[in-house]
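J.: One file: my_file_10.cif (mmCIF, C-alpha atoms, pLDDT in the B column; chains and numbers go by the auth columns).
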data_work
loop_
_atom_site.group_PDB
_atom_site.id
_atom_site.type_symbol
_atom_site.label_atom_id
_atom_site.label_comp_id
_atom_site.label_asym_id
_atom_site.label_seq_id
_atom_site.Cartn_x
_atom_site.Cartn_y
_atom_site.Cartn_z
_atom_site.B_iso_or_equiv
_atom_site.auth_seq_id
_atom_site.auth_asym_id
ATOM 1 C CA MET A 1 -13.878 18.213 1.938 69.00 2 A
ATOM 2 C CA LYS A 2 -12.925 15.017 0.127 86.00 3 A
ATOM 3 C CA LYS A 3 -9.343 14.208 -0.712 93.00 4 A
ATOM 4 C CA ALA A 4 -7.684 11.356 -2.540 97.00 5 A
ATOM 5 C CA ILE A 5 -4.102 10.248 -3.045 98.00 6 A
ATOM 6 C CA ASN A 6 -3.381 9.361 -6.651 98.00 7 A
ATOM 7 C CA HIS A 7 0.159 8.333 -7.579 98.00 8 A
ATOM 8 C CA VAL A 8 1.466 6.708 -10.755 98.00 9 A
ATOM 9 C CA TRP A 9 4.847 5.044 -11.173 98.00 10 A
ATOM 10 C CA PHE A 10 6.580 3.246 -14.013 98.00 11 A
ATOM 11 C CA LEU A 11 8.563 0.204 -12.912 97.00 12 A
ATOM 12 C CA PRO A 12 10.771 -1.614 -15.469 96.00 13 A
ATOM 13 C CA HIS A 13 9.491 -5.044 -14.431 96.00 14 A
ATOM 14 C CA PRO A 14 6.555 -7.174 -15.614 97.00 15 A
ATOM 15 C CA PRO A 15 3.228 -7.046 -13.731 98.00 16 A
ATOM 16 C CA ALA A 16 3.869 -10.538 -12.296 97.00 17 A
ATOM 17 C CA THR A 17 6.942 -9.225 -10.467 97.00 18 A
ATOM 18 C CA ILE A 18 5.204 -6.114 -9.103 98.00 19 A
ATOM 19 C CA TRP A 19 2.220 -8.240 -8.052 98.00 20 A
ATOM 20 C CA GLN A 20 4.476 -10.311 -5.792 98.00 21 A
ATOM 21 C CA TYR A 21 5.581 -7.177 -3.916 98.00 22 A
ATOM 22 C CA LEU A 22 1.954 -6.158 -3.389 98.00 23 A
ATOM 23 C CA THR A 23 0.588 -9.555 -2.363 98.00 24 A
ATOM 24 C CA GLN A 24 3.313 -11.560 -0.599 98.00 25 A
ATOM 25 C CA SER A 25 3.255 -10.716 3.091 98.00 26 A
ATOM 26 C CA GLU A 26 7.001 -11.092 3.603 97.00 27 A
ATOM 27 C CA LEU A 27 7.822 -8.815 0.636 97.00 28 A
ATOM 28 C CA LEU A 28 5.193 -6.243 1.696 97.00 29 A
ATOM 29 C CA ALA A 29 6.787 -6.163 5.136 98.00 30 A
ATOM 30 C CA GLN A 30 10.160 -5.309 3.625 97.00 31 A
ATOM 31 C CA TRP A 31 8.994 -2.188 1.785 98.00 32 A
ATOM 32 C CA LEU A 32 5.849 -1.121 3.640 98.00 33 A
ATOM 33 C CA MET A 33 4.996 -2.516 7.097 97.00 34 A
ATOM 34 C CA SER A 34 4.756 -5.769 9.002 98.00 35 A
ATOM 35 C CA ASN A 35 1.450 -7.448 8.211 98.00 36 A
ATOM 36 C CA ASP A 36 -0.573 -10.638 8.067 98.00 37 A
ATOM 37 C CA PHE A 37 -1.851 -10.060 4.519 98.00 38 A
ATOM 38 C CA GLN A 38 -3.198 -12.920 2.423 98.00 39 A
ATOM 39 C CA PRO A 39 -4.413 -12.386 -1.162 98.00 40 A
ATOM 40 C CA ILE A 40 -7.923 -13.706 -0.481 98.00 41 A
ATOM 41 C CA VAL A 41 -11.062 -11.600 -0.920 98.00 42 A
ATOM 42 C CA GLY A 42 -12.656 -11.144 2.497 98.00 43 A
ATOM 43 C CA HIS A 43 -9.396 -11.714 4.411 98.00 44 A
ATOM 44 C CA ARG A 44 -9.045 -9.274 7.311 98.00 45 A
ATOM 45 C CA PHE A 45 -5.490 -8.278 8.088 98.00 46 A
ATOM 46 C CA MET A 46 -3.416 -5.622 9.795 98.00 47 A
ATOM 47 C CA PHE A 47 -0.443 -3.483 8.975 98.00 48 A
ATOM 48 C CA ARG A 48 1.619 -2.567 12.025 97.00 49 A
ATOM 49 C CA SER A 49 3.920 0.399 12.377 95.00 50 A
ATOM 50 C CA GLN A 50 5.253 2.833 14.935 93.00 51 A
ATOM 51 C CA PRO A 51 2.501 4.947 16.518 93.00 52 A
ATOM 52 C CA TYR A 52 2.461 8.566 15.380 90.00 53 A
ATOM 53 C CA PRO A 53 0.217 10.562 17.766 88.00 54 A
ATOM 54 C CA PRO A 54 0.464 13.917 15.890 85.00 55 A
ATOM 55 C CA ILE A 55 -1.770 12.470 13.140 85.00 56 A
ATOM 56 C CA GLY A 56 -3.927 10.349 15.476 86.00 57 A
ATOM 57 C CA PHE A 57 -2.275 7.037 14.585 92.00 58 A
ATOM 58 C CA ASP A 58 -1.736 4.254 17.133 95.00 59 A
ATOM 59 C CA GLY A 59 0.394 2.138 14.775 95.00 60 A
ATOM 60 C CA ASN A 60 -2.356 -0.283 13.682 96.00 61 A
ATOM 61 C CA ILE A 61 -4.070 -0.267 10.302 96.00 62 A
ATOM 62 C CA PHE A 62 -7.109 -2.511 9.975 97.00 63 A
ATOM 63 C CA CYS A 63 -7.738 -3.818 6.466 98.00 64 A
ATOM 64 C CA GLU A 64 -9.909 -6.198 4.499 98.00 65 A
ATOM 65 C CA VAL A 65 -9.192 -7.470 0.999 98.00 66 A
ATOM 66 C CA LEU A 66 -12.082 -6.296 -1.174 98.00 67 A
ATOM 67 C CA GLU A 67 -11.013 -7.115 -4.736 98.00 68 A
ATOM 68 C CA ILE A 68 -8.346 -9.154 -6.482 98.00 69 A
ATOM 69 C CA VAL A 69 -7.733 -9.408 -10.215 98.00 70 A
ATOM 70 C CA PRO A 70 -4.375 -11.234 -10.373 98.00 71 A
ATOM 71 C CA GLU A 71 -1.546 -9.099 -11.735 98.00 72 A
ATOM 72 C CA LYS A 72 -4.028 -6.294 -12.548 98.00 73 A
ATOM 73 C CA LYS A 73 -5.883 -4.955 -9.497 98.00 74 A
ATOM 74 C CA LEU A 74 -5.856 -5.188 -5.708 98.00 75 A
ATOM 75 C CA ALA A 75 -8.159 -3.250 -3.384 98.00 76 A
ATOM 76 C CA TYR A 76 -8.441 -3.244 0.390 98.00 77 A
ATOM 77 C CA SER A 77 -9.970 -1.124 3.126 98.00 78 A
ATOM 78 C CA TRP A 78 -7.558 0.943 5.243 97.00 79 A
ATOM 79 C CA LYS A 79 -8.769 2.024 8.687 96.00 80 A
ATOM 80 C CA LEU A 80 -6.825 3.641 11.501 94.00 81 A
ATOM 81 C CA GLY A 81 -7.240 5.724 14.602 91.00 82 A
ATOM 82 C CA PRO A 82 -5.623 7.160 17.716 89.00 83 A
ATOM 83 C CA LYS A 83 -6.253 4.189 20.006 87.00 84 A
ATOM 84 C CA PRO A 84 -7.582 0.622 19.914 83.00 85 A
ATOM 85 C CA GLY A 85 -11.263 0.531 19.077 84.00 86 A
ATOM 86 C CA GLU A 86 -11.392 4.093 17.725 90.00 87 A
ATOM 87 C CA ILE A 87 -11.310 4.472 13.931 92.00 88 A
ATOM 88 C CA THR A 88 -11.000 8.026 12.637 91.00 89 A
ATOM 89 C CA VAL A 89 -9.777 7.342 9.072 93.00 90 A
ATOM 90 C CA ASP A 90 -11.855 4.908 7.004 95.00 91 A
ATOM 91 C CA SER A 91 -10.390 4.742 3.511 97.00 92 A
ATOM 92 C CA LEU A 92 -9.764 2.515 0.496 98.00 93 A
ATOM 93 C CA VAL A 93 -6.462 1.554 -1.166 98.00 94 A
ATOM 94 C CA THR A 94 -6.580 0.419 -4.797 98.00 95 A
ATOM 95 C CA TRP A 95 -3.531 -0.742 -6.735 98.00 96 A
ATOM 96 C CA THR A 96 -3.830 -1.035 -10.531 98.00 97 A
ATOM 97 C CA LEU A 97 -1.120 -2.636 -12.668 98.00 98 A
ATOM 98 C CA ILE A 98 -0.996 -1.900 -16.397 98.00 99 A
ATOM 99 C CA ASN A 99 1.371 -3.881 -18.595 98.00 100 A
ATOM 100 C CA GLN A 100 3.412 -1.485 -20.736 97.00 101 A
ATOM 101 C CA GLY A 101 5.443 -4.152 -22.538 91.00 102 A
ATOM 102 C CA ASN A 102 8.758 -2.857 -21.194 95.00 103 A
ATOM 103 C CA GLY A 103 7.490 -2.636 -17.638 97.00 104 A
ATOM 104 C CA THR A 104 4.461 -1.868 -15.510 98.00 105 A
ATOM 105 C CA GLU A 105 2.526 1.283 -14.829 98.00 106 A
ATOM 106 C CA LEU A 106 1.577 1.057 -11.162 98.00 107 A
ATOM 107 C CA ARG A 107 -1.285 3.242 -9.986 98.00 108 A
ATOM 108 C CA LEU A 108 -2.252 3.884 -6.403 98.00 109 A
ATOM 109 C CA ASP A 109 -5.600 5.417 -5.530 98.00 110 A
ATOM 110 C CA HIS A 110 -6.081 5.938 -1.801 98.00 111 A
ATOM 111 C CA THR A 111 -9.537 7.430 -1.358 97.00 112 A
ATOM 112 C CA GLY A 112 -12.009 8.188 1.399 96.00 113 A
ATOM 113 C CA PHE A 113 -10.364 11.062 3.250 95.00 114 A
ATOM 114 C CA THR A 114 -13.190 13.266 4.448 92.00 115 A
ATOM 115 C CA GLY A 115 -13.305 16.184 6.821 84.00 116 A
ATOM 116 C CA VAL A 116 -10.617 18.348 8.289 87.00 117 A
ATOM 117 C CA ASN A 117 -9.676 15.710 10.887 85.00 118 A
ATOM 118 C CA ASP A 118 -8.357 13.451 8.087 90.00 119 A
ATOM 119 C CA LEU A 119 -5.948 16.103 6.768 90.00 120 A
ATOM 120 C CA PRO A 120 -2.913 15.167 8.917 90.00 121 A
ATOM 121 C CA ALA A 121 -3.254 11.483 8.022 91.00 122 A
ATOM 122 C CA TYR A 122 -3.849 12.349 4.357 94.00 123 A
ATOM 123 C CA GLN A 123 -0.684 14.451 4.170 93.00 124 A
ATOM 124 C CA ALA A 124 1.431 11.867 5.995 93.00 125 A
ATOM 125 C CA MET A 125 0.189 9.077 3.716 95.00 126 A
ATOM 126 C CA PHE A 126 0.522 11.176 0.547 96.00 127 A
ATOM 127 C CA ASP A 127 4.237 11.583 1.266 95.00 128 A
ATOM 128 C CA GLY A 128 4.609 8.113 2.786 95.00 129 A
ATOM 129 C CA TRP A 129 3.260 6.238 -0.232 98.00 130 A
ATOM 130 C CA LYS A 130 5.589 8.145 -2.555 97.00 131 A
ATOM 131 C CA LYS A 131 8.620 7.479 -0.391 96.00 132 A
ATOM 132 C CA ASN A 132 7.815 3.821 0.199 97.00 133 A
ATOM 133 C CA VAL A 133 7.285 3.022 -3.485 97.00 134 A
ATOM 134 C CA ASP A 134 9.871 5.437 -4.934 95.00 135 A
ATOM 135 C CA GLU A 135 12.619 4.392 -2.580 95.00 136 A
ATOM 136 C CA ARG A 136 11.936 1.239 -0.626 97.00 137 A
ATOM 137 C CA MET A 137 9.927 -0.867 -3.094 97.00 138 A
ATOM 138 C CA ARG A 138 12.092 0.076 -6.098 96.00 139 A
ATOM 139 C CA LYS A 139 15.328 -0.711 -4.255 96.00 140 A
ATOM 140 C CA LEU A 140 13.956 -3.994 -2.938 96.00 141 A
ATOM 141 C CA ILE A 141 12.835 -5.130 -6.404 96.00 142 A
ATOM 142 C CA GLU A 142 16.145 -4.087 -7.951 93.00 143 A
ATOM 143 C CA SER A 143 18.211 -5.883 -5.313 92.00 144 A
ATOM 144 C CA THR A 144 16.031 -9.010 -5.483 86.00 145 A
ATOM 145 C CA GLN A 145 15.991 -9.118 -9.289 79.00 146 A
ATOM 146 C CA HIS A 146 19.743 -8.463 -9.464 66.00 147 A
ATOM 147 C CA HIS A 147 20.380 -11.210 -6.903 58.00 148 A
ATOM 148 C CA GLU A 148 18.164 -13.701 -8.788 57.00 149 A
ATOM 149 C CA THR A 149 19.856 -13.047 -12.146 52.00 150 A
ATOM 150 C CA LYS A 150 23.279 -13.780 -10.606 51.00 151 A
ATOM 151 C CA HIS A 151 22.245 -17.304 -9.556 46.00 152 A
#
Mind turning the file's structure into structure tokens?
T.:
Amino acid sequence: MKKAINHVWFLPHPPATIWQYLTQSELLAQWLMSNDFQPIVGHRFMFRSQPYPPIGFDGNIFCEVLEIVPEKKLAYSWKLGPKPGEITVDSLVTWTLINQGNGTELRLDHTGFTGVNDLPAYQAMFDGWKKNVDERMRKLIESTQHHETKH
């Protein structure tokens, strides 16, 4: 069994704006999770969240930046498990930004879910990515852009 998460959104902002929310640690923390991300290929970083034992998640996601094409593509590994030192999900997150003139098509491909043991994490992340981008990222961009245009 191999599963992948594939979501596509349209955001009415240029790729440069969306790129900031994918690559600036402090903005990522506001819509996704606390992190020590740096947009440098080879940089190892972590996302930190609340542990969720029902899906075998201790709250730590181990990542490494694998590819950067500014304002177009970002890829990083995404590894997690039930306790420190034990990785049970070893996957890949790829963000693709496509300029649509009046905004950006944002694509997320989260691949590498294999085996029945990955199913709980897959389902949680399938829903989680949608909620985080649909609700949290959109609202954050709107509030930030609205605030910046008032000054």
J.: How would you write, as a PDB file with C-alpha atoms, in the frame of the given file, the residues chosen by the PyMOL selection byres ((chain A and resi 77) around 7) on this structure?
T.:
ATOM      1  CA  CYS A  64      -7.738  -3.818   6.466  1.00 98.00           C
ATOM      2  CA  GLU A  65      -9.909  -6.198   4.499  1.00 98.00           C
ATOM      3  CA  VAL A  66      -9.192  -7.470   0.999  1.00 98.00           C
ATOM      4  CA  LEU A  67     -12.082  -6.296  -1.174  1.00 98.00           C
ATOM      5  CA  GLU A  68     -11.013  -7.115  -4.736  1.00 98.00           C
ATOM      6  CA  LEU A  75      -5.856  -5.188  -5.708  1.00 98.00           C
ATOM      7  CA  ALA A  76      -8.159  -3.250  -3.384  1.00 98.00           C
ATOM      8  CA  SER A  78      -9.970  -1.124   3.126  1.00 98.00           C
ATOM      9  CA  TRP A  79      -7.558   0.943   5.243  1.00 97.00           C
ATOM     10  CA  LEU A  93      -9.764   2.515   0.496  1.00 98.00           C
ATOM     11  CA  VAL A  94      -6.462   1.554  -1.166  1.00 98.00           C
ATOM     12  CA  THR A  95      -6.580   0.419  -4.797  1.00 98.00           C
TER      13      THR A  95
END
J.: Residues near stretch 45-58 of chain A, anyone? I mean within 8 Å using only C-alpha atoms, not counting same-chain ones fewer than 6 positions away, as an mmCIF file with C-alpha atoms, keeping the file's coordinate frame.
T.:
data_model
loop_
_atom_site.group_PDB
_atom_site.id
_atom_site.type_symbol
_atom_site.label_atom_id
_atom_site.label_comp_id
_atom_site.auth_asym_id
_atom_site.auth_seq_id
_atom_site.Cartn_x
_atom_site.Cartn_y
_atom_site.Cartn_z
ATOM 1 C CA MET A 34 4.996 -2.516 7.097
ATOM 2 C CA SER A 35 4.756 -5.769 9.002
ATOM 3 C CA ASN A 36 1.450 -7.448 8.211
ATOM 4 C CA ASP A 37 -0.573 -10.638 8.067
ATOM 5 C CA PHE A 38 -1.851 -10.060 4.519
ATOM 6 C CA GLN A 39 -3.198 -12.920 2.423
ATOM 7 C CA CYS A 64 -7.738 -3.818 6.466
ATOM 8 C CA GLU A 65 -9.909 -6.198 4.499
ATOM 9 C CA VAL A 66 -9.192 -7.470 0.999
ATOM 10 C CA LEU A 81 -6.825 3.641 11.501
ATOM 11 C CA GLY A 82 -7.240 5.724 14.602
ATOM 12 C CA PRO A 83 -5.623 7.160 17.716
ATOM 13 C CA LYS A 84 -6.253 4.189 20.006
ATOM 14 C CA THR A 89 -11.000 8.026 12.637
ATOM 15 C CA PRO A 121 -2.913 15.167 8.917
ATOM 16 C CA ALA A 122 -3.254 11.483 8.022
ATOM 17 C CA ALA A 125 1.431 11.867 5.995
#
J.: Could you pull the residues within 8 Å of stretch 99-105 of chain A, counting all atoms listed in the file, minus those fewer than 5 positions along the same chain, as a PyMOL selection string?
T.: chain A and resi 11-16+19+73
J.: Selection from above, C-alpha atoms, as a CSV table (one decimal), in the frame of the given file, can you write it?
T.:
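Below is the file that was written, again_11.csv:
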chain,number,residue,atom,x,y,z
A,11,PHE,CA,6.6,3.2,-14.0
A,12,LEU,CA,8.6,0.2,-12.9
A,13,PRO,CA,10.8,-1.6,-15.5
A,14,HIS,CA,9.5,-5.0,-14.4
A,15,PRO,CA,6.6,-7.2,-15.6
A,16,PRO,CA,3.2,-7.0,-13.7
A,19,ILE,CA,5.2,-6.1,-9.1
A,73,LYS,CA,-4.0,-6.3,-12.5
J.: Could you tell me, as a ChimeraX atom specification, exactly which residues end up selected when the PyMOL selection byres ((chain A and resi 129-143) around 9) is applied to this structure?
T.: /A:6,8,10,12,14,18-19,22,28-29,31-33,109,124-128,144-148
J.: Please save C-alpha atoms of the selected residues as a PDB file, in the coordinates of the input.
T.:
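As a result, again-v3.pdb now contains:
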ATOM      1  CA  ILE A   6      -4.102  10.248  -3.045  1.00 98.00           C
ATOM      2  CA  HIS A   8       0.159   8.333  -7.579  1.00 98.00           C
ATOM      3  CA  TRP A  10       4.847   5.044 -11.173  1.00 98.00           C
ATOM      4  CA  LEU A  12       8.563   0.204 -12.912  1.00 97.00           C
ATOM      5  CA  HIS A  14       9.491  -5.044 -14.431  1.00 96.00           C
ATOM      6  CA  THR A  18       6.942  -9.225 -10.467  1.00 97.00           C
ATOM      7  CA  ILE A  19       5.204  -6.114  -9.103  1.00 98.00           C
ATOM      8  CA  TYR A  22       5.581  -7.177  -3.916  1.00 98.00           C
ATOM      9  CA  LEU A  28       7.822  -8.815   0.636  1.00 97.00           C
ATOM     10  CA  LEU A  29       5.193  -6.243   1.696  1.00 97.00           C
ATOM     11  CA  GLN A  31      10.160  -5.309   3.625  1.00 97.00           C
ATOM     12  CA  TRP A  32       8.994  -2.188   1.785  1.00 98.00           C
ATOM     13  CA  LEU A  33       5.849  -1.121   3.640  1.00 98.00           C
ATOM     14  CA  LEU A 109      -2.252   3.884  -6.403  1.00 98.00           C
ATOM     15  CA  GLN A 124      -0.684  14.451   4.170  1.00 93.00           C
ATOM     16  CA  ALA A 125       1.431  11.867   5.995  1.00 93.00           C
ATOM     17  CA  MET A 126       0.189   9.077   3.716  1.00 95.00           C
ATOM     18  CA  PHE A 127       0.522  11.176   0.547  1.00 96.00           C
ATOM     19  CA  ASP A 128       4.237  11.583   1.266  1.00 95.00           C
ATOM     20  CA  SER A 144      18.211  -5.883  -5.313  1.00 92.00           C
ATOM     21  CA  THR A 145      16.031  -9.010  -5.483  1.00 86.00           C
ATOM     22  CA  GLN A 146      15.991  -9.118  -9.289  1.00 79.00           C
ATOM     23  CA  HIS A 147      19.743  -8.463  -9.464  1.00 66.00           C
ATOM     24  CA  HIS A 148      20.380 -11.210  -6.903  1.00 58.00           C
TER      25      HIS A 148
END
J.: In Å, how far is it from atom CA of A:Asn118 to atom CA of A:Ile62?
T.: 16.9 Å
J.: With C-alpha atoms retained, output stretch 47-119 of chain A as a compact mmCIF listing (two decimals), in the first residue's frame.
T.:
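That gives us result.txt:
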# COMPACT_ATOMS: atom_id res chain seq x y z
CA MET A 47 12.36 20.19 13.38
CA PHE A 48 8.69 20.96 13.64
CA ARG A 49 7.34 20.62 17.17
CA SER A 50 3.76 19.98 18.15
CA GLN A 51 1.66 18.32 20.81
CA PRO A 52 2.23 14.55 20.98
CA TYR A 53 -0.63 12.47 19.62
CA PRO A 54 -0.13 8.83 20.73
CA PRO A 55 -3.15 7.38 18.83
CA ILE A 56 -1.23 7.86 15.55
CA GLY A 57 2.22 7.08 17.00
CA PHE A 58 3.38 10.70 17.13
CA ASP A 59 5.62 12.05 19.91
CA GLY A 60 5.28 15.68 18.79
CA ASN A 61 8.60 15.91 16.90
CA ILE A 62 8.97 15.96 13.13
CA PHE A 63 12.51 15.62 11.81
CA CYS A 64 13.12 17.31 8.47
CA GLU A 65 15.84 18.20 6.01
CA VAL A 66 15.56 20.74 3.21
CA LEU A 67 16.10 18.82 -0.03
CA GLU A 68 15.25 21.31 -2.79
CA ILE A 69 14.64 25.02 -3.14
CA VAL A 70 13.63 26.89 -6.28
CA PRO A 71 12.76 30.36 -4.93
CA GLU A 72 9.08 31.23 -5.23
CA LYS A 73 8.45 28.00 -7.20
CA LYS A 74 9.33 24.83 -5.27
CA LEU A 75 10.29 23.69 -1.78
CA ALA A 76 10.86 20.08 -0.74
CA TYR A 77 11.85 18.58 2.59
CA SER A 78 11.88 15.20 4.30
CA TRP A 79 9.26 14.64 7.02
CA LYS A 80 9.99 11.92 9.58
CA LEU A 81 8.15 11.12 12.79
CA GLY A 82 7.56 8.36 15.28
CA PRO A 83 6.13 7.36 18.64
CA LYS A 84 9.20 8.16 20.74
CA PRO A 85 12.65 9.74 20.43
CA GLY A 86 14.92 7.70 18.20
CA GLU A 87 12.11 5.68 16.61
CA ILE A 88 10.96 6.80 13.15
CA THR A 89 7.89 5.04 11.79
CA VAL A 90 6.83 7.54 9.08
CA ASP A 91 9.51 8.55 6.57
CA SER A 92 7.94 10.83 3.98
CA LEU A 93 8.52 13.79 1.67
CA VAL A 94 6.73 17.16 1.55
CA THR A 95 6.85 19.11 -1.72
CA TRP A 96 5.32 22.55 -2.17
CA THR A 97 4.91 23.87 -5.73
CA LEU A 98 3.87 27.46 -6.46
CA ILE A 99 2.45 28.34 -9.88
CA ASN A 100 1.90 31.98 -10.77
CA GLN A 101 -1.63 32.43 -12.12
CA GLY A 102 -1.38 36.18 -12.72
CA ASN A 103 -4.19 36.99 -10.28
CA GLY A 104 -2.77 34.78 -7.56
CA THR A 105 -0.91 31.55 -6.90
CA GLU A 106 -1.82 27.93 -7.31
CA LEU A 107 -0.25 26.19 -4.33
CA ARG A 108 0.25 22.45 -4.58
CA LEU A 109 1.17 20.14 -1.75
CA ASP A 110 2.41 16.62 -2.42
CA HIS A 111 3.14 14.66 0.75
CA THR A 112 4.37 11.26 -0.36
CA GLY A 113 6.01 8.18 1.11
CA PHE A 114 3.24 6.66 3.21
CA THR A 115 3.71 2.92 2.99
CA GLY A 116 2.16 0.05 4.86
CA VAL A 117 -0.85 -0.18 7.09
CA ASN A 118 1.03 1.31 10.06
CA ASP A 119 1.23 4.67 8.22
